[in-house]
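Trainee: Here's a structure for you.
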Amino acid sequence: MIHTYTEADVLRTVGWREVLQDLPPAFESLRSGDAAIQARQRIDCGHWKLSGMGALWESRGVAAYKTYTSLNGRFDFLVNLFDLARQQHHVMPAAEITRARTAAMTAWVARRITRLGARKMALFGLGIQGRTHLEALQETVRFSEIAVVDTADVSQACAAFSARYGMAVRQVSPQEAVAGADLVVTVTRSKQPLFDGAWLQRGAAICAVGTSLPSGTEIDQVSRARSDRVIVEWKPQSLVEAGEIVMGLADKSLDISQISDLPELLGNQEPWRRSPEEIILFKAVGVG
């Protein structure tokens, strides 16, 4: 039997909070061999791209494949979900799933790498993904100040978030945002660095989320060189796909020994942050 859904159906059922509960067991299953994922595959033709990635989770009895097209920064997502136990097939648009999964992933990792007593977050990009990130990060990490950078005027959205959370949310310049920030989050479509890594304070955490292309990076060479630890979701995909990692290894601002992925971190059970003074870079690309 095939079941179909709308974005409204998904939005009523699944948000970043639900995804956040399932991410740790999902990656633990990946570590133990109870789950397997397929790296993203891309086809390019002219200005169009067709991409896909898949996963199989044995103990949950599910398999899924996400497919999407992109043209000039516009995406159209679809998920095929197979309920293996019931032999049922679920087909749904996946814009809302993608938005929830991406913000939940950032919130999960940020909670582990942002140092205790954090007060300020710098957020680059306050589009649909950026707004979900702000909500997820404020509700999981909790800041007393959020500095937003965007090429558009997002001051009204900042004022609404400020009223909602009873704290300062302001649109500022890149340097003002990064200065003194405990967490810097980039959720843009930029393929060029967004800030000067010299502005980072010791102990800062960075979550770079916006691009999954090896030819683009939101984070500059200085930020990479100053990072004491680098975390990615899954090395087999990130080492070839994440621009920050690919470029960092090529220009030697990063060393392969610095890089850990989430299954490794869950396996060795050491703290994700080893010192209040180290700078930690998390690079997300999205995985099956």
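By convention here, the chains of the structure tokens are called A, B, ... in the order presented, each chain's residues are numbered starting at 1, and ligands are numbered starting at 1 in the order presented.
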Taking the DSSP assignment computed from this structure's backbone, write out as a PyMOL selection string all residues of range 26-215 of chain A that belong to strand (DSSP E or B).
Mentor: chain A and resi 35-45+48-57+62-71+74-83+88-93+120-124+145-149+168-171+183-186+205-208
Trainee: Skipping near chain neighbours, those fewer than 6 positions away, what residues fall within 9 Å of Ala85 in chain A using only C-alpha atoms, listed as a list in words?
Mentor: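 Near Ala85 in chain A, the qualifying residues are Arg60, Gly61 and Val62 of chain A.
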Trainee: Please dump the current selection as a PDB file, in the first residue's frame; keep C-alpha atoms.
Mentor:
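Final output, saved to selection.pdb:
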ATOM      1  CA  ARG A  60      13.431   0.099  13.253  1.00  0.00           C
ATOM      2  CA  GLY A  61      12.444  -1.793  10.120  1.00  0.00           C
ATOM      3  CA  VAL A  62      12.640   1.241   7.844  1.00  0.00           C
TER       4      VAL A  62
END
Trainee: Give me the residues near Ala95 in chain A as a ChimeraX atom specification, where near means some atom within 9 Å (using only C-alpha atoms) and where sequence neighbours in that chain fewer than 2 positions away do not count.
Mentor: /A:7,75-78,93,97-100
Trainee: Using only C-alpha atoms, which protein or nucleic acid residues come within 9 Å of range 131-133 of chain A? Drop anything in the same chain fewer than 2 positions from it, and give the result as JSON, numbers by chain.
Mentor: {"A": [16, 99, 100, 102, 103, 104, 106, 107, 123, 125, 126, 127, 128, 129, 135, 136, 137, 138, 157, 185, 187]}
Trainee: For Ala122 in chain A, find every residue with an atom within 10 Å (counting only C-alpha atoms), except residues of its own chain fewer than 4 positions away, and show them as a list of chain:residue names.
Mentor: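 Counting only C-alpha atoms, the residues come to A:Leu134, A:Glu145, A:Ile146, A:Ala147, A:Val148, A:Val149, A:Val169, A:Arg170, A:Gln171, A:Val172, A:Pro174, A:Gln175, A:Glu176, A:Ala177, A:Val178, A:Ala179, A:Gly180, A:Ala181, A:Asp182, A:Leu183, A:Val184, A:Val185, A:Thr186, A:Ile206.
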Trainee: If we count only C-alpha atoms and set the cut-off at 12 Å, which residues sit around Ala26 in chain A, ignoring sequence neighbours fewer than 6 positions away in its own chain? Please answer as a list in words.
Mentor: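 In the requested form, the answer reads Val19, Leu20, Ser32, Gly33, Asp34, Ala35, Ala36, Ile37, Ala55, Leu56, Trp57, Glu58, Ser59, Arg60, Val62, Met105, Glu233, Leu262, Pro263, Leu266, Val287 and Gly288 of chain A.
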Trainee: Can you write out the residues you just picked, keeping N, CA and C atoms, as a PDB file, in the first residue's frame?
Mentor:
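Final output, result.pdb:
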ATOM      1  N   VAL A  19      12.849  15.381  15.805  1.00  0.00           N
ATOM      2  CA  VAL A  19      14.068  14.894  15.159  1.00  0.00           C
ATOM      3  C   VAL A  19      15.222  14.862  16.154  1.00  0.00           C
ATOM      4  N   LEU A  20      15.309  15.870  17.012  1.00  0.00           N
ATOM      5  CA  LEU A  20      16.391  15.944  17.990  1.00  0.00           C
ATOM      6  C   LEU A  20      16.409  14.717  18.905  1.00  0.00           C
ATOM      7  N   SER A  32      27.133   1.267  15.332  1.00  0.00           N
ATOM      8  CA  SER A  32      27.121  -0.152  15.697  1.00  0.00           C
ATOM      9  C   SER A  32      26.869  -1.079  14.513  1.00  0.00           C
ATOM     10  N   GLY A  33      26.457  -0.517  13.368  1.00  0.00           N
ATOM     11  CA  GLY A  33      26.145  -1.349  12.218  1.00  0.00           C
ATOM     12  C   GLY A  33      24.674  -1.705  12.116  1.00  0.00           C
ATOM     13  N   ASP A  34      23.854  -1.183  13.026  1.00  0.00           N
ATOM     14  CA  ASP A  34      22.413  -1.408  12.967  1.00  0.00           C
ATOM     15  C   ASP A  34      21.771  -0.543  11.886  1.00  0.00           C
ATOM     16  N   ALA A  35      22.501   0.480  11.435  1.00  0.00           N
ATOM     17  CA  ALA A  35      22.021   1.338  10.356  1.00  0.00           C
ATOM     18  C   ALA A  35      23.141   1.532   9.350  1.00  0.00           C
ATOM     19  N   ALA A  36      22.757   1.835   8.118  1.00  0.00           N
ATOM     20  CA  ALA A  36      23.724   2.124   7.059  1.00  0.00           C
ATOM     21  C   ALA A  36      23.195   3.269   6.229  1.00  0.00           C
ATOM     22  N   ILE A  37      24.106   4.106   5.727  1.00  0.00           N
ATOM     23  CA  ILE A  37      23.691   5.217   4.888  1.00  0.00           C
ATOM     24  C   ILE A  37      24.483   5.236   3.597  1.00  0.00           C
ATOM     25  N   ALA A  55      19.137   5.607   3.321  1.00  0.00           N
ATOM     26  CA  ALA A  55      19.464   5.021   4.622  1.00  0.00           C
ATOM     27  C   ALA A  55      18.612   3.779   4.861  1.00  0.00           C
ATOM     28  N   LEU A  56      19.181   2.883   5.664  1.00  0.00           N
ATOM     29  CA  LEU A  56      18.479   1.666   6.092  1.00  0.00           C
ATOM     30  C   LEU A  56      18.737   1.498   7.585  1.00  0.00           C
ATOM     31  N   TRP A  57      17.656   1.340   8.363  1.00  0.00           N
ATOM     32  CA  TRP A  57      17.775   1.223   9.826  1.00  0.00           C
ATOM     33  C   TRP A  57      17.121  -0.105  10.215  1.00  0.00           C
ATOM     34  N   GLU A  58      17.954  -1.102  10.463  1.00  0.00           N
ATOM     35  CA  GLU A  58      17.457  -2.471  10.603  1.00  0.00           C
ATOM     36  C   GLU A  58      16.503  -2.634  11.777  1.00  0.00           C
ATOM     37  N   SER A  59      16.903  -2.207  12.988  1.00  0.00           N
ATOM     38  CA  SER A  59      16.084  -2.464  14.167  1.00  0.00           C
ATOM     39  C   SER A  59      14.759  -1.715  14.132  1.00  0.00           C
ATOM     40  N   ARG A  60      14.692  -0.636  13.391  1.00  0.00           N
ATOM     41  CA  ARG A  60      13.431   0.099  13.253  1.00  0.00           C
ATOM     42  C   ARG A  60      12.602  -0.399  12.084  1.00  0.00           C
ATOM     43  N   VAL A  62      12.956   0.211   8.833  1.00  0.00           N
ATOM     44  CA  VAL A  62      12.640   1.241   7.844  1.00  0.00           C
ATOM     45  C   VAL A  62      13.817   1.457   6.899  1.00  0.00           C
ATOM     46  N   MET A 105      20.030  18.815  13.917  1.00  0.00           N
ATOM     47  CA  MET A 105      21.427  18.385  13.899  1.00  0.00           C
ATOM     48  C   MET A 105      22.335  19.462  14.496  1.00  0.00           C
ATOM     49  N   GLU A 233      29.610  15.066  10.272  1.00  0.00           N
ATOM     50  CA  GLU A 233      28.595  14.043  10.518  1.00  0.00           C
ATOM     51  C   GLU A 233      29.134  12.640  10.232  1.00  0.00           C
ATOM     52  N   LEU A 262      30.666  11.889  13.937  1.00  0.00           N
ATOM     53  CA  LEU A 262      29.750  11.607  15.042  1.00  0.00           C
ATOM     54  C   LEU A 262      29.790  10.140  15.483  1.00  0.00           C
ATOM     55  N   PRO A 263      29.834   9.153  14.586  1.00  0.00           N
ATOM     56  CA  PRO A 263      29.969   7.774  15.070  1.00  0.00           C
ATOM     57  C   PRO A 263      31.238   7.561  15.901  1.00  0.00           C
ATOM     58  N   LEU A 266      30.701   9.121  19.405  1.00  0.00           N
ATOM     59  CA  LEU A 266      29.809   8.294  20.215  1.00  0.00           C
ATOM     60  C   LEU A 266      30.504   7.013  20.656  1.00  0.00           C
ATOM     61  N   VAL A 287      23.235  14.103   5.852  1.00  0.00           N
ATOM     62  CA  VAL A 287      23.502  12.721   5.452  1.00  0.00           C
ATOM     63  C   VAL A 287      22.215  11.906   5.497  1.00  0.00           C
ATOM     64  N   GLY A 288      22.277  10.740   4.887  1.00  0.00           N
ATOM     65  CA  GLY A 288      21.083   9.911   4.803  1.00  0.00           C
ATOM     66  C   GLY A 288      20.495   9.519   6.125  1.00  0.00           C
TER      67      GLY A 288
END
Trainee: Using only C-alpha atoms, which residue out of A:Glu270, A:Glu278, A:Ser173, A:Asp22 lies closest to Leu200 in chain A?
Mentor: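 Closest candidate: A:Glu278.
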